[in-house]
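Novice: Could you have a look at this structure, given as structure tokens, before my questions?
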Amino acid sequence: VFAPAKVNNVKWNGRPVSARRTPYGSLKASLSAPRLDAATLQKSLTFSHWKYSDALPERLSTYDDSKWTVADHKTTANPTSPQTLPVLYADDYGYHTGVQIFRGRFSGNASAAILNVQGGTAFGWSAWLNGDFVGSFPGTASAVSGSLTISFDNATLLANDENVLTVVKDHSGHDQRSDALLPRGILGASLSSSNNVTFSRWTLAGNAGGESNIDPIRGVIAEGGLHAERVGWHLPGFDDSKWVSRDPSQGVVGATIGFFRATSQISLPSGYDASFELILTAPAGSVLRAQLYVNGYQYGKFVPHIGNQIAFPIPPGILNVRGDNVVGLNIWSQTSSGAKVDLEWNVLGVYESAWDPGFDATYLQPGWTAERLQYA
């Protein structure tokens, strides 16, 4: 410690320590090792009561989307002209972030759908017809759009009712500079049919409330249009007591989307600061998209077939270092092989500190309310 000559005593975090004067005039002290280390703290971290629910009811033709936005625009202010009508650009309907879900209806016989979807670099999309999985564009590290002809051979067409094609589209954000106006959504959607069957109606779901910002604490990019996000399954206080017990390592079966919830208690002693992160891993060859939530905040995106990001540090305020934390994990399997994800804590470091990371962060973590149900 370099200090004026009249300074003879040193305190560390409020406690006196023995110090001696060096030939340079400074004071030198030795500190004992912290009584708590990272390995010991990490052993205390677990997840309690993992619960699971199917999180893609929208794939079923019977799903009620009467409160969704009707996508019926015939024109757009975007300089990119749509390949088919109506316009299916999410931004035109007030949805600018996160996953978006489109549902297109048609009656009659069709053998396939021709879809061109754009969501930004490393995005992907998947489609279901009347609840049956019909195909995915898994995405690449460079592709900003993906076009596929999706056969209906593995799906059941409804002869006496409307057929519903559900398209789930990921969103990796808007580009910068000259590409900032590139649309996000479906550029073109048509049917392969011998008798000219066309889509009769499209509906769209994005983040709950659209541009109204219903969660001003967490902000507009904290969530998108996944079912779990819209109805608030990721928020503290949601009642998952009727869900089945299931661990993310058991995963989801087939091409679908599932949501997992658990609590994790952290008991960091007073006088310490610590750095925490969550690690996500999946078996080799997995084709999935997972989103991690901590106390209602989306705090990680895991796409193992494209990127290597597996570690997601979480700061105090988002994380309760002395109390319970609600951890959510949305797993979207893009193939019929299903998907599994392992989730574990990692303690990056433990430090003696006079700063208290265990402050009351309740105001930063607003909980679930029944108002969320209107966005189903």
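Following the order of the structure tokens, first chain is A, next is B, and so on, with residues numbered from 1 inside each chain and ligands from 1 in the order they appear.
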Go through segment 8-64 of chain A residue by residue and, counting only C-alpha atoms, keep those with an atom at most 12 Å from segment 309-329 of chain A; for each kept residue give the shortest atom pair and its distance in Å to one decimal, ordered by chain and increasing number, as a tab-separated table.
Specialist:
```
residue	atom	partner	partner_atom	distance
A:Leu41	CA	A:Val321	CA	11.2
A:Leu45	CA	A:Val321	CA	10.8
A:Thr46	CA	A:Asn325	CA	10.9
A:Phe47	CA	A:Val327	CA	8.5
A:Ser48	CA	A:Val326	CA	9.9
A:His49	CA	A:Val327	CA	10.8
A:Trp50	CA	A:Val327	CA	9.3
A:Lys51	CA	A:Gly328	CA	9.6
A:Tyr52	CA	A:Leu329	CA	9.6
A:Ser53	CA	A:Leu329	CA	10.9
A:Ala55	CA	A:Leu329	CA	10.9
```
Novice: Grab the residues selected above and save them as a CSV table (one decimal), in the first residue's frame with all heavy atoms.
Specialist:
```
chain,number,residue,atom,x,y,z
A,41,LEU,N,-18.1,-23.7,-3.4
A,41,LEU,CA,-19.3,-23.0,-3.8
A,41,LEU,C,-20.1,-23.7,-4.9
A,41,LEU,O,-21.3,-23.9,-4.8
A,41,LEU,CB,-19.1,-21.5,-4.1
A,41,LEU,CG,-20.3,-20.7,-4.5
A,41,LEU,CD1,-21.3,-20.7,-3.4
A,41,LEU,CD2,-19.9,-19.3,-4.9
A,45,LEU,N,-24.3,-25.8,-5.6
A,45,LEU,CA,-25.3,-25.3,-6.6
A,45,LEU,C,-26.0,-26.5,-7.3
A,45,LEU,O,-25.3,-27.3,-8.0
A,45,LEU,CB,-24.6,-24.4,-7.6
A,45,LEU,CG,-23.9,-23.2,-7.1
A,45,LEU,CD1,-23.2,-22.4,-8.2
A,45,LEU,CD2,-24.8,-22.3,-6.3
A,46,THR,N,-27.3,-26.5,-7.2
A,46,THR,CA,-28.1,-27.6,-7.9
A,46,THR,C,-29.4,-27.0,-8.5
A,46,THR,O,-29.7,-25.8,-8.2
A,46,THR,CB,-28.5,-28.7,-6.9
A,46,THR,OG1,-29.3,-28.1,-5.8
A,46,THR,CG2,-27.2,-29.4,-6.3
A,47,PHE,N,-30.1,-27.8,-9.2
A,47,PHE,CA,-31.4,-27.4,-9.7
A,47,PHE,C,-32.4,-28.3,-9.0
A,47,PHE,O,-32.3,-29.5,-8.9
A,47,PHE,CB,-31.5,-27.6,-11.2
A,47,PHE,CG,-30.5,-26.8,-12.0
A,47,PHE,CD1,-29.3,-27.3,-12.5
A,47,PHE,CD2,-30.7,-25.4,-12.2
A,47,PHE,CE1,-28.4,-26.6,-13.2
A,47,PHE,CE2,-29.8,-24.6,-12.9
A,47,PHE,CZ,-28.6,-25.2,-13.4
A,48,SER,N,-33.5,-27.6,-8.6
A,48,SER,CA,-34.6,-28.4,-7.9
A,48,SER,C,-35.8,-28.4,-8.7
A,48,SER,O,-36.3,-27.4,-9.3
A,48,SER,CB,-34.9,-27.7,-6.5
A,48,SER,OG,-33.7,-27.6,-5.7
A,49,HIS,N,-36.4,-29.6,-8.7
A,49,HIS,CA,-37.8,-29.8,-9.3
A,49,HIS,C,-37.9,-29.4,-10.7
A,49,HIS,O,-38.7,-28.5,-11.0
A,49,HIS,CB,-38.8,-29.1,-8.4
A,49,HIS,CG,-38.6,-29.4,-6.9
A,49,HIS,ND1,-38.8,-30.6,-6.4
A,49,HIS,CD2,-38.4,-28.5,-5.9
A,49,HIS,CE1,-38.6,-30.5,-5.1
A,49,HIS,NE2,-38.3,-29.3,-4.8
A,50,TRP,N,-37.1,-30.0,-11.6
A,50,TRP,CA,-37.3,-29.7,-13.0
A,50,TRP,C,-38.7,-30.1,-13.4
A,50,TRP,O,-39.2,-31.2,-13.2
A,50,TRP,CB,-36.3,-30.4,-13.9
A,50,TRP,CG,-35.0,-29.8,-14.0
A,50,TRP,CD1,-33.8,-30.2,-13.5
A,50,TRP,CD2,-34.7,-28.5,-14.7
A,50,TRP,NE1,-32.7,-29.3,-13.8
A,50,TRP,CE2,-33.3,-28.3,-14.6
A,50,TRP,CE3,-35.4,-27.6,-15.5
A,50,TRP,CZ2,-32.7,-27.2,-15.2
A,50,TRP,CZ3,-34.8,-26.5,-16.0
A,50,TRP,CH2,-33.4,-26.3,-15.9
A,51,LYS,N,-39.4,-29.2,-14.1
A,51,LYS,CA,-40.8,-29.5,-14.6
A,51,LYS,C,-40.8,-29.2,-16.1
A,51,LYS,O,-40.0,-28.4,-16.7
A,51,LYS,CB,-41.8,-28.6,-13.9
A,51,LYS,CG,-41.8,-28.7,-12.4
A,51,LYS,CD,-42.1,-30.1,-11.9
A,51,LYS,CE,-43.6,-30.4,-12.0
A,51,LYS,NZ,-44.4,-29.7,-11.0
A,52,TYR,N,-41.7,-29.8,-16.8
A,52,TYR,CA,-41.7,-29.8,-18.3
A,52,TYR,C,-43.1,-29.6,-18.9
A,52,TYR,O,-44.1,-30.2,-18.3
A,52,TYR,CB,-41.1,-31.0,-18.9
A,52,TYR,CG,-41.3,-31.2,-20.4
A,52,TYR,CD1,-40.6,-30.5,-21.3
A,52,TYR,CD2,-42.4,-32.0,-20.8
A,52,TYR,CE1,-40.8,-30.7,-22.7
A,52,TYR,CE2,-42.6,-32.2,-22.2
A,52,TYR,CZ,-41.8,-31.5,-23.1
A,52,TYR,OH,-42.1,-31.7,-24.4
A,53,SER,N,-43.2,-28.9,-20.0
A,53,SER,CA,-44.5,-28.8,-20.7
A,53,SER,C,-44.2,-28.7,-22.2
A,53,SER,O,-43.2,-28.1,-22.6
A,53,SER,CB,-45.3,-27.6,-20.3
A,53,SER,OG,-46.5,-27.5,-21.1
A,55,ALA,N,-44.4,-27.0,-25.6
A,55,ALA,CA,-44.4,-25.6,-25.8
A,55,ALA,C,-44.7,-25.2,-27.2
A,55,ALA,O,-44.3,-24.1,-27.7
A,55,ALA,CB,-43.1,-25.0,-25.3
```
Novice: I'd like the neighbourhood of Tyr293 of chain A as a ChimeraX atom specification, where a residue qualifies if any of its atoms comes within 12 Å (using only C-alpha atoms), though same-chain residues fewer than 4 positions away should be ignored.
Specialist: /A:218,222-223,228-229,232-236,259-263,278,297-302,312-314,318-319,325-331,343,365
Novice: Do a neighbour search on Arg59 of chain A at 7 Å with only C-alpha atoms, toss out local chain neighbours closer than 6 positions, and write the hits as a CSV table (one decimal) with N, CA, C and O atoms, in the first residue's frame.
Specialist:
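For reference, result.csv as written:
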```
chain,number,residue,atom,x,y,z
A,128,TRP,N,-44.8,-27.3,-39.5
A,128,TRP,CA,-45.6,-28.4,-39.2
A,128,TRP,C,-47.0,-28.2,-39.9
A,128,TRP,O,-47.5,-27.1,-40.1
A,130,ASN,N,-50.8,-29.4,-39.8
A,130,ASN,CA,-51.9,-30.1,-39.0
A,130,ASN,C,-51.2,-30.9,-37.8
A,130,ASN,O,-51.7,-32.0,-37.5
A,131,GLY,N,-50.2,-30.4,-37.3
A,131,GLY,CA,-49.5,-31.1,-36.1
A,131,GLY,C,-48.4,-32.0,-36.5
A,131,GLY,O,-47.6,-32.4,-35.7
A,166,THR,N,-48.0,-24.4,-39.9
A,166,THR,CA,-47.4,-23.6,-38.8
A,166,THR,C,-45.9,-23.5,-39.1
A,166,THR,O,-45.2,-24.5,-39.3
```
Novice: Here is a test: counting only C-alpha atoms, which residue of A:Gln83, A:Ser200, A:Thr281, A:Ser336 is nearest to Ser249 of chain A?
Specialist: A:Thr281
Novice: Taking the DSSP assignment computed from this structure's backbone, write out as an NGL selection string all residues of segment 30-272 of chain A that belong to alpha helix (DSSP H).
Specialist: :A and (38-43 or 227-230)
Novice: How close does each residue of segment 210-282 of chain A get to segment 133-137 of chain A, giving the shortest atom pair and distance in Å to one decimal for every residue with an atom at most 10 Å away, counting only C-alpha atoms, sorted by chain and residue number, as a tab-separated table?
Specialist:
```
residue	atom	partner	partner_atom	distance
A:Gly254	CA	A:Phe133	CA	8.6
A:Ala255	CA	A:Phe133	CA	6.5
A:Thr256	CA	A:Phe133	CA	8.0
```
Novice: So which residues of segment 61-292 of chain A fall under strand (DSSP E) by DSSP, listed as number ranges by chain?
Specialist: A: 69-70, 88-89, 100-106, 112-118, 125-129, 132-137, 145-151, 163-169, 185-192, 201-205, 244-245, 257-267, 272-281, 288-292
Novice: Give me the residues within 10 Å of Arg184 of chain A as a list in words, counting only C-alpha atoms and dropping any in the same chain fewer than 2 places off.
Specialist: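 Answer for this query is Leu88, Tyr89, Ala90, Asp91, Asp92, Tyr95, His96, Thr97, Gln100, Val117, Gln118, Gly119, Gly120, Val144, Ser145, Lys169, Asp170, His171, Ser172, Gly173, His174, Leu181, Leu182, Ile186 and Leu187 of chain A.
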Novice: List the neighbours of Arg20 of chain A out to 7 Å using only C-alpha atoms; skip same-chain residues closer than 4 positions along the sequence, and give me the result as a PyMOL selection string.
Specialist: chain A and resi 27-29
Novice: Report the distance between atom CA of Val10 of chain A and atom CA of Pro34 of chain A in Å, rounded to one decimal place.
Specialist: 17.8 Å
Novice: Kindly give the distance, in Å, that separates atom CA of Ser126 of chain A and atom CA of Thr335 of chain A, rounded to a single decimal.
Specialist: 8.8 Å
Novice: Between A:Ala339, A:Asp215, A:Ser286, A:Ser142, which one has atoms that come closest to Thr369 of chain A, using only C-alpha atoms?
Specialist: A:Asp215
Novice: Tell me, as JSON, numbers by chain, which residues lie within 7 Å of Phe106 of chain A, counting only C-alpha atoms; anything in the same chain fewer than 3 positions away does not count.
Specialist: {"A": [162, 163, 164, 198, 199, 200]}
Novice: Include all heavy atoms and write out the residues we just selected as a PDB file, in the first residue's frame.
Specialist:
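This is the output file result.pdb:
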```
ATOM      1  N   GLU A 162     -60.196 -26.939 -42.795  1.00  0.00           N
ATOM      2  CA  GLU A 162     -59.016 -26.180 -43.167  1.00  0.00           C
ATOM      3  C   GLU A 162     -57.746 -26.872 -42.694  1.00  0.00           C
ATOM      4  O   GLU A 162     -57.689 -27.430 -41.595  1.00  0.00           O
ATOM      5  CB  GLU A 162     -59.067 -24.779 -42.549  1.00  0.00           C
ATOM      6  CG  GLU A 162     -59.943 -23.793 -43.279  1.00  0.00           C
ATOM      7  CD  GLU A 162     -59.755 -22.391 -42.740  1.00  0.00           C
ATOM      8  OE1 GLU A 162     -59.629 -22.244 -41.511  1.00  0.00           O
ATOM      9  OE2 GLU A 162     -59.756 -21.445 -43.551  1.00  0.00           O
ATOM     10  N   ASN A 163     -56.734 -26.851 -43.546  1.00  0.00           N
ATOM     11  CA  ASN A 163     -55.408 -27.301 -43.161  1.00  0.00           C
ATOM     12  C   ASN A 163     -54.620 -26.103 -42.649  1.00  0.00           C
ATOM     13  O   ASN A 163     -54.781 -24.986 -43.147  1.00  0.00           O
ATOM     14  CB  ASN A 163     -54.686 -27.920 -44.360  1.00  0.00           C
ATOM     15  CG  ASN A 163     -55.393 -29.157 -44.873  1.00  0.00           C
ATOM     16  OD1 ASN A 163     -55.307 -30.225 -44.286  1.00  0.00           O
ATOM     17  ND2 ASN A 163     -56.130 -29.000 -45.991  1.00  0.00           N
ATOM     18  N   VAL A 164     -53.762 -26.349 -41.661  1.00  0.00           N
ATOM     19  CA  VAL A 164     -52.991 -25.260 -41.065  1.00  0.00           C
ATOM     20  C   VAL A 164     -51.513 -25.600 -41.121  1.00  0.00           C
ATOM     21  O   VAL A 164     -51.072 -26.620 -40.573  1.00  0.00           O
ATOM     22  CB  VAL A 164     -53.410 -24.991 -39.613  1.00  0.00           C
ATOM     23  CG1 VAL A 164     -52.596 -23.836 -39.032  1.00  0.00           C
ATOM     24  CG2 VAL A 164     -54.905 -24.674 -39.534  1.00  0.00           C
ATOM     25  N   THR A 198     -54.551 -22.250 -52.904  1.00  0.00           N
ATOM     26  CA  THR A 198     -53.706 -21.186 -52.350  1.00  0.00           C
ATOM     27  C   THR A 198     -54.024 -21.004 -50.870  1.00  0.00           C
ATOM     28  O   THR A 198     -55.053 -21.463 -50.376  1.00  0.00           O
ATOM     29  CB  THR A 198     -53.944 -19.856 -53.079  1.00  0.00           C
ATOM     30  OG1 THR A 198     -55.316 -19.470 -52.933  1.00  0.00           O
ATOM     31  CG2 THR A 198     -53.603 -19.976 -54.566  1.00  0.00           C
ATOM     32  N   PHE A 199     -53.135 -20.301 -50.184  1.00  0.00           N
ATOM     33  CA  PHE A 199     -53.396 -19.967 -48.781  1.00  0.00           C
ATOM     34  C   PHE A 199     -54.530 -18.949 -48.713  1.00  0.00           C
ATOM     35  O   PHE A 199     -54.546 -17.954 -49.434  1.00  0.00           O
ATOM     36  CB  PHE A 199     -52.140 -19.391 -48.126  1.00  0.00           C
ATOM     37  CG  PHE A 199     -51.060 -20.403 -47.879  1.00  0.00           C
ATOM     38  CD1 PHE A 199     -49.922 -20.436 -48.674  1.00  0.00           C
ATOM     39  CD2 PHE A 199     -51.183 -21.328 -46.856  1.00  0.00           C
ATOM     40  CE1 PHE A 199     -48.925 -21.367 -48.449  1.00  0.00           C
ATOM     41  CE2 PHE A 199     -50.184 -22.264 -46.616  1.00  0.00           C
ATOM     42  CZ  PHE A 199     -49.050 -22.289 -47.413  1.00  0.00           C
ATOM     43  N   SER A 200     -55.479 -19.186 -47.811  1.00  0.00           N
ATOM     44  CA  SER A 200     -56.638 -18.299 -47.689  1.00  0.00           C
ATOM     45  C   SER A 200     -56.490 -17.273 -46.575  1.00  0.00           C
ATOM     46  O   SER A 200     -57.151 -16.232 -46.598  1.00  0.00           O
ATOM     47  CB  SER A 200     -57.896 -19.131 -47.435  1.00  0.00           C
ATOM     48  OG  SER A 200     -57.747 -19.924 -46.253  1.00  0.00           O
TER      49      SER A 200
END
```
Novice: Do a neighbour search on Val167 of chain A at 7 Å with only C-alpha atoms, toss out local chain neighbours closer than 3 positions, and write the hits as a ChimeraX atom specification.
Specialist: /A:101-103,125-128
Novice: Next, the residues of the selection above should be written as a short mmCIF file (atom, residue, chain, number, x, y, z; two decimals), in the first residue's frame with C-alpha atoms.
Specialist:
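Final output, saved to again09.cif:
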```cif
data_model
loop_
_atom_site.label_atom_id
_atom_site.label_comp_id
_atom_site.auth_asym_id
_atom_site.auth_seq_id
_atom_site.Cartn_x
_atom_site.Cartn_y
_atom_site.Cartn_z
CA ILE A 101 -44.76 -17.90 -35.49
CA PHE A 102 -46.83 -17.82 -38.69
CA ARG A 103 -49.93 -19.92 -39.41
CA TRP A 125 -37.04 -22.24 -39.27
CA SER A 126 -39.28 -25.30 -38.96
CA ALA A 127 -42.75 -26.18 -40.22
CA TRP A 128 -45.65 -28.42 -39.19
#
```
Novice: Kindly indicate which residue among A:Trp202, A:Pro183, A:Leu226, A:Ser194 lies nearest to Ser81 of chain A, using only C-alpha atoms for the distances.
Specialist: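 Smallest distance to Ser81 of chain A is found for A:Pro183.
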